[in-house]
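For reference, the structure is listed below as structure tokens.
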Amino acid sequence: MLPNIILIGFMGCGKSSVGRRLASLTGHRFIDTDEQVVKAEKRSISQIFATEGETYFRGVENQILEDLVGVAGIVLSTGGGVVIAPENRAILKKIGIVAWIDAEPDILFERASRSGKRPLLKTEDPRATFDTLRESRLDAYAEAADFRLDSSSLVHDAVAQHLLDEVLRHHHRFEG
Ligand code: S3P
């Protein structure tokens with residue numbers, strides 16, 4: 001059976017849209033950690049950050065990952081900061097093949113700032129915050145990932161197809 005596929009990457013890389021396409025390509029169930037957090041907390045991510053702070057949010061996010069260990073047949077899209085905690089990186093590897101969707105910083109920033117729903121970018125200089133945060137996480141994405149895909153020039157459908165090809169190539173990590 002095809003292993004679980006986990007999508008990591010910075011805000012704006014397209015994890016959720018690509019994840020939905022990958023789920024329909026594979027027949028896997030689509031799960032999004034941000035959606036699970038909202039469901040568990042019955043309030044938006046922005047509200048959680050504003051009232052409880054980031055540390056609290058990270059706790060809920062971590063619990064959702066832990067609950068997914070042992071679950072099969074899923075495509076999991078994750079929040080951009082999930083890789084910060086070393087414990088989470090280890091859990092992701094247990095859950096499935098980890099794909100890092102990356103893109104040029106300008107493209108990521110344009111997409112990430114479009115929704116206005118990212119509490120971490122609500123600063124005086126969102127672009128500077130974005131660059132600092134992204135650079136501080138590059139090593140964590142690299143460590144967590146089985147492979148990286150540059151999606152800068154690809155539409156979501158193409159990203160999903162490329163990811164599926166790569167996952168089939170990395171399948172062996174979950175065999176035997
Ligand atoms: C975050 C990214 C968000 C969400 C939260 C924190 C981050 O998810 O989990 O706002 O730390 O990068 P997306 O990557 O889907 O925007």
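Note on naming: chains are A, B, ... as they come in the structure tokens, residues start from 1 per chain, ligands start from 1 in the order shown.
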
May I have the residues within 6 Å of ligand 1, computed using only C-alpha atoms and all ligand atoms, as a PDB file with C-alpha atoms, in the first residue's frame?
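Dumped to selection23.pdb:
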```
ATOM      1  CA  PHE A  10       6.712  27.553   4.664  1.00  0.00           C
ATOM      2  CA  MET A  11       3.455  29.528   4.642  1.00  0.00           C
ATOM      3  CA  ASP A  34      -4.392  23.683  10.971  1.00  0.00           C
ATOM      4  CA  GLY A  79       1.260  24.210   9.449  1.00  0.00           C
ATOM      5  CA  GLY A  80       4.472  25.944   8.382  1.00  0.00           C
ATOM      6  CA  GLY A  81       5.932  25.934  11.893  1.00  0.00           C
ATOM      7  CA  ARG A 118      -1.368  34.501   9.170  1.00  0.00           C
ATOM      8  CA  PRO A 119      -0.960  35.889  12.679  1.00  0.00           C
TER       9      PRO A 119
END
```

| message | Run DSSP on the backbone and tell me which residues of range 42-72 of chain A come out as helix (DSSP H, G or I); list them as an MDAnalysis selection string. | response | chainID A and resid 45:51 54:68

| Expected answer as a list in words: strand (DSSP E) residues in range 1-152 of chain A |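 Reading the DSSP output for range 1-152 of chain A, strand (DSSP E) covers Ile5, Ile6, Leu7, Ile8, Arg29, Phe30, Ile31, Asp32, Ile74, Val75, Leu76, Ser77, Ile97, Val98, Ala99, Trp100, Ile101, Asp102, Phe147, Arg148, Leu149 and Asp150 of chain A.
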
Could you please take those selected residues and save C-alpha atoms as a compact mmCIF listing (two decimals), in the first residue's frame?
```
# COMPACT_ATOMS: atom_id res chain seq x y z
CA ILE A 5 2.36 11.44 2.50
CA ILE A 6 3.19 14.45 4.64
CA LEU A 7 3.56 17.93 3.23
CA ILE A 8 5.78 20.44 4.98
CA ARG A 29 -7.83 10.77 3.12
CA PHE A 30 -6.81 14.42 3.36
CA ILE A 31 -5.98 15.86 6.78
CA ASP A 32 -4.74 19.38 7.52
CA ILE A 74 -3.58 9.77 4.69
CA VAL A 75 -2.15 12.84 2.99
CA LEU A 76 -1.24 15.22 5.80
CA SER A 77 -0.79 18.92 5.22
CA ILE A 97 7.15 10.06 3.66
CA VAL A 98 7.87 13.75 4.25
CA ALA A 99 7.81 16.07 1.24
CA TRP A 100 9.06 19.66 1.50
CA ILE A 101 7.29 21.97 -0.93
CA ASP A 102 9.50 25.00 -1.45
CA PHE A 147 12.95 15.19 -0.35
CA ARG A 148 12.36 18.79 -1.47
CA LEU A 149 10.45 20.03 -4.49
CA ASP A 150 10.81 23.56 -5.89
```

| A:Val37, A:Val82, A:Val71, A:Leu22 ranked by distance to His162 in chain A, top pick (using only C-alpha atoms) | A:Leu22

Need the shell around range 58-67 of chain A: protein/DNA/RNA residues with any atom at most 10 Å away, counting only C-alpha atoms. Skip same-chain ones fewer than 3 positions apart. Format as an mmCIF file with N, CA and C atoms, in the first residue's frame?
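Saved file around_15.cif follows:
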```cif
data_model
loop_
_atom_site.group_PDB
_atom_site.id
_atom_site.type_symbol
_atom_site.label_atom_id
_atom_site.label_comp_id
_atom_site.auth_asym_id
_atom_site.auth_seq_id
_atom_site.Cartn_x
_atom_site.Cartn_y
_atom_site.Cartn_z
ATOM 1 N N ASP A 32 -5.521 18.143 7.432
ATOM 2 C CA ASP A 32 -4.739 19.376 7.521
ATOM 3 C C ASP A 32 -4.596 19.719 9.009
ATOM 4 N N THR A 33 -3.361 19.845 9.486
ATOM 5 C CA THR A 33 -3.185 20.054 10.940
ATOM 6 C C THR A 33 -3.842 21.358 11.407
ATOM 7 N N ASP A 34 -3.753 22.418 10.573
ATOM 8 C CA ASP A 34 -4.392 23.683 10.971
ATOM 9 C C ASP A 34 -5.903 23.497 11.138
ATOM 10 N N GLN A 36 -7.425 20.769 11.874
ATOM 11 C CA GLN A 36 -7.653 19.944 13.075
ATOM 12 C C GLN A 36 -7.548 20.781 14.343
ATOM 13 N N VAL A 37 -6.592 21.725 14.342
ATOM 14 C CA VAL A 37 -6.446 22.608 15.507
ATOM 15 C C VAL A 37 -7.713 23.443 15.676
ATOM 16 N N VAL A 38 -8.196 24.003 14.576
ATOM 17 C CA VAL A 38 -9.407 24.848 14.618
ATOM 18 C C VAL A 38 -10.601 24.036 15.123
ATOM 19 N N ALA A 40 -10.511 21.259 16.978
ATOM 20 C CA ALA A 40 -10.342 20.884 18.395
ATOM 21 C C ALA A 40 -10.616 22.064 19.321
ATOM 22 N N GLU A 41 -10.225 23.264 18.868
ATOM 23 C CA GLU A 41 -10.316 24.445 19.731
ATOM 24 C C GLU A 41 -11.597 25.251 19.517
ATOM 25 N N PHE A 49 -3.872 32.363 18.596
ATOM 26 C CA PHE A 49 -2.627 33.118 18.793
ATOM 27 C C PHE A 49 -2.886 34.353 19.661
ATOM 28 N N GLY A 53 -1.639 32.567 22.701
ATOM 29 C CA GLY A 53 -0.225 32.672 22.334
ATOM 30 C C GLY A 53 0.264 31.474 21.539
ATOM 31 N N GLU A 54 1.458 31.641 20.971
ATOM 32 C CA GLU A 54 1.997 30.621 20.070
ATOM 33 C C GLU A 54 2.315 29.314 20.787
ATOM 34 N N THR A 55 2.832 29.400 22.007
ATOM 35 C CA THR A 55 3.231 28.170 22.710
ATOM 36 C C THR A 55 2.040 27.233 22.891
ATOM 37 N N GLY A 70 0.415 5.866 13.499
ATOM 38 C CA GLY A 70 -0.288 4.589 13.380
ATOM 39 C C GLY A 70 -1.501 4.645 12.466
ATOM 40 N N VAL A 71 -1.906 5.847 12.067
ATOM 41 C CA VAL A 71 -3.047 5.980 11.146
ATOM 42 C C VAL A 71 -2.522 5.814 9.715
ATOM 43 N N LEU A 76 -1.197 14.275 4.683
ATOM 44 C CA LEU A 76 -1.244 15.223 5.801
ATOM 45 C C LEU A 76 -0.568 16.534 5.431
ATOM 46 N N THR A 78 0.606 20.178 6.785
ATOM 47 C CA THR A 78 0.971 20.669 8.118
ATOM 48 C C THR A 78 1.122 22.190 8.130
ATOM 49 N N GLY A 79 0.989 22.787 9.302
ATOM 50 C CA GLY A 79 1.260 24.210 9.449
ATOM 51 C C GLY A 79 2.753 24.464 9.241
ATOM 52 N N GLY A 81 4.996 25.954 10.774
ATOM 53 C CA GLY A 81 5.932 25.934 11.893
ATOM 54 C C GLY A 81 6.041 24.592 12.588
ATOM 55 N N VAL A 82 5.428 23.579 12.000
ATOM 56 C CA VAL A 82 5.381 22.281 12.672
ATOM 57 C C VAL A 82 6.782 21.682 12.852
ATOM 58 N N ILE A 84 9.526 23.109 13.693
ATOM 59 C CA ILE A 84 10.427 23.782 14.645
ATOM 60 C C ILE A 84 10.815 22.830 15.778
ATOM 61 N N ALA A 85 9.845 22.100 16.311
ATOM 62 C CA ALA A 85 10.131 21.204 17.432
ATOM 63 C C ALA A 85 10.768 19.911 16.941
ATOM 64 N N GLU A 87 10.932 17.134 18.299
ATOM 65 C CA GLU A 87 10.025 16.012 18.578
ATOM 66 C C GLU A 87 9.038 15.832 17.410
ATOM 67 N N ASN A 88 8.527 16.947 16.894
ATOM 68 C CA ASN A 88 7.589 16.859 15.773
ATOM 69 C C ASN A 88 8.267 16.283 14.522
ATOM 70 N N ILE A 91 8.246 12.656 14.839
ATOM 71 C CA ILE A 91 6.891 12.098 14.670
ATOM 72 C C ILE A 91 6.516 12.059 13.188
ATOM 73 N N LEU A 92 6.830 13.134 12.465
ATOM 74 C CA LEU A 92 6.492 13.179 11.033
ATOM 75 C C LEU A 92 7.110 12.001 10.294
ATOM 76 N N LYS A 94 7.852 9.174 11.431
ATOM 77 C CA LYS A 94 7.154 7.933 11.791
ATOM 78 C C LYS A 94 5.843 7.805 11.024
ATOM 79 N N ILE A 95 5.197 8.953 10.782
ATOM 80 C CA ILE A 95 3.872 8.911 10.146
ATOM 81 C C ILE A 95 3.969 8.554 8.660
#
```

| task | Mind checking which residues fall within 12 Å of Ile107 in chain A, counting only C-alpha atoms, ignoring those fewer than 4 positions away in the same chain, and posting them as a ChimeraX atom specification? | result | /A:10-14,102-103,111-114,127,130,150-154

What does the file look like for those residues with N, CA, C and O atoms, as a compact mmCIF listing (two decimals), in the first residue's frame?
```txt
# COMPACT_ATOMS: atom_id res chain seq x y z
N PHE A 10 7.04 26.26 4.10
CA PHE A 10 6.71 27.55 4.66
C PHE A 10 5.33 28.01 4.22
O PHE A 10 4.79 27.54 3.21
N MET A 11 4.75 28.94 5.00
CA MET A 11 3.46 29.53 4.64
C MET A 11 3.46 29.93 3.17
O MET A 11 4.43 30.52 2.70
N GLY A 12 2.39 29.61 2.48
CA GLY A 12 2.27 30.03 1.08
C GLY A 12 2.81 29.05 0.07
O GLY A 12 2.74 29.30 -1.14
N CYS A 13 3.34 27.91 0.52
CA CYS A 13 3.92 26.98 -0.45
C CYS A 13 2.86 26.12 -1.14
O CYS A 13 3.16 25.43 -2.11
N GLY A 14 1.64 26.15 -0.64
CA GLY A 14 0.55 25.43 -1.32
C GLY A 14 0.24 24.05 -0.74
O GLY A 14 -0.41 23.24 -1.39
N ASP A 102 8.82 23.71 -1.59
CA ASP A 102 9.50 25.00 -1.45
C ASP A 102 9.19 25.86 -2.67
O ASP A 102 8.61 25.38 -3.66
N ALA A 103 9.54 27.12 -2.62
CA ALA A 103 9.40 28.02 -3.78
C ALA A 103 10.25 29.25 -3.51
O ALA A 103 10.74 29.45 -2.38
N ARG A 111 1.98 34.77 -1.90
CA ARG A 111 0.86 33.85 -1.61
C ARG A 111 0.48 33.90 -0.12
O ARG A 111 -0.68 33.87 0.22
N ALA A 112 1.51 33.96 0.74
CA ALA A 112 1.25 33.91 2.19
C ALA A 112 0.54 35.16 2.67
O ALA A 112 -0.27 35.10 3.59
N SER A 113 0.84 36.30 2.04
CA SER A 113 0.23 37.54 2.55
C SER A 113 -1.15 37.78 1.97
O SER A 113 -1.89 38.64 2.43
N ARG A 114 -1.52 36.99 0.96
CA ARG A 114 -2.80 37.18 0.28
C ARG A 114 -4.00 36.98 1.21
O ARG A 114 -4.93 37.76 1.20
N ARG A 127 7.37 41.63 5.50
CA ARG A 127 8.35 40.97 4.63
C ARG A 127 9.63 40.63 5.39
O ARG A 127 10.20 39.55 5.22
N PHE A 130 8.86 37.73 7.60
CA PHE A 130 8.77 36.55 6.74
C PHE A 130 10.16 35.99 6.42
O PHE A 130 10.43 34.80 6.58
N ASP A 150 10.97 22.13 -5.63
CA ASP A 150 10.81 23.56 -5.89
C ASP A 150 9.57 23.73 -6.77
O ASP A 150 9.54 23.29 -7.92
N SER A 151 8.54 24.37 -6.22
CA SER A 151 7.27 24.47 -6.92
C SER A 151 7.09 25.83 -7.61
O SER A 151 6.00 26.13 -8.10
N SER A 152 8.18 26.63 -7.65
CA SER A 152 8.05 28.01 -8.14
C SER A 152 7.35 28.13 -9.48
O SER A 152 6.55 29.02 -9.69
N SER A 153 7.69 27.21 -10.40
CA SER A 153 7.14 27.37 -11.75
C SER A 153 6.06 26.33 -12.06
O SER A 153 5.73 26.10 -13.21
N LEU A 154 5.52 25.73 -11.02
CA LEU A 154 4.56 24.64 -11.25
C LEU A 154 3.16 24.98 -10.73
O LEU A 154 3.02 25.59 -9.67
```

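Rounded to one decimal, CA of Asp139 in chain A and CA of Leu108 in chain A lie 17.4 Å from each other.
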
| Nearest-residue call for Asn4 in chain A, choices A:Thr132, A:Ala158, A:Thr51, A:His171, using only C-alpha atoms |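 Among A:Thr132, A:Ala158, A:Thr51, A:His171, it is A:His171 that comes nearest to Asn4 in chain A.
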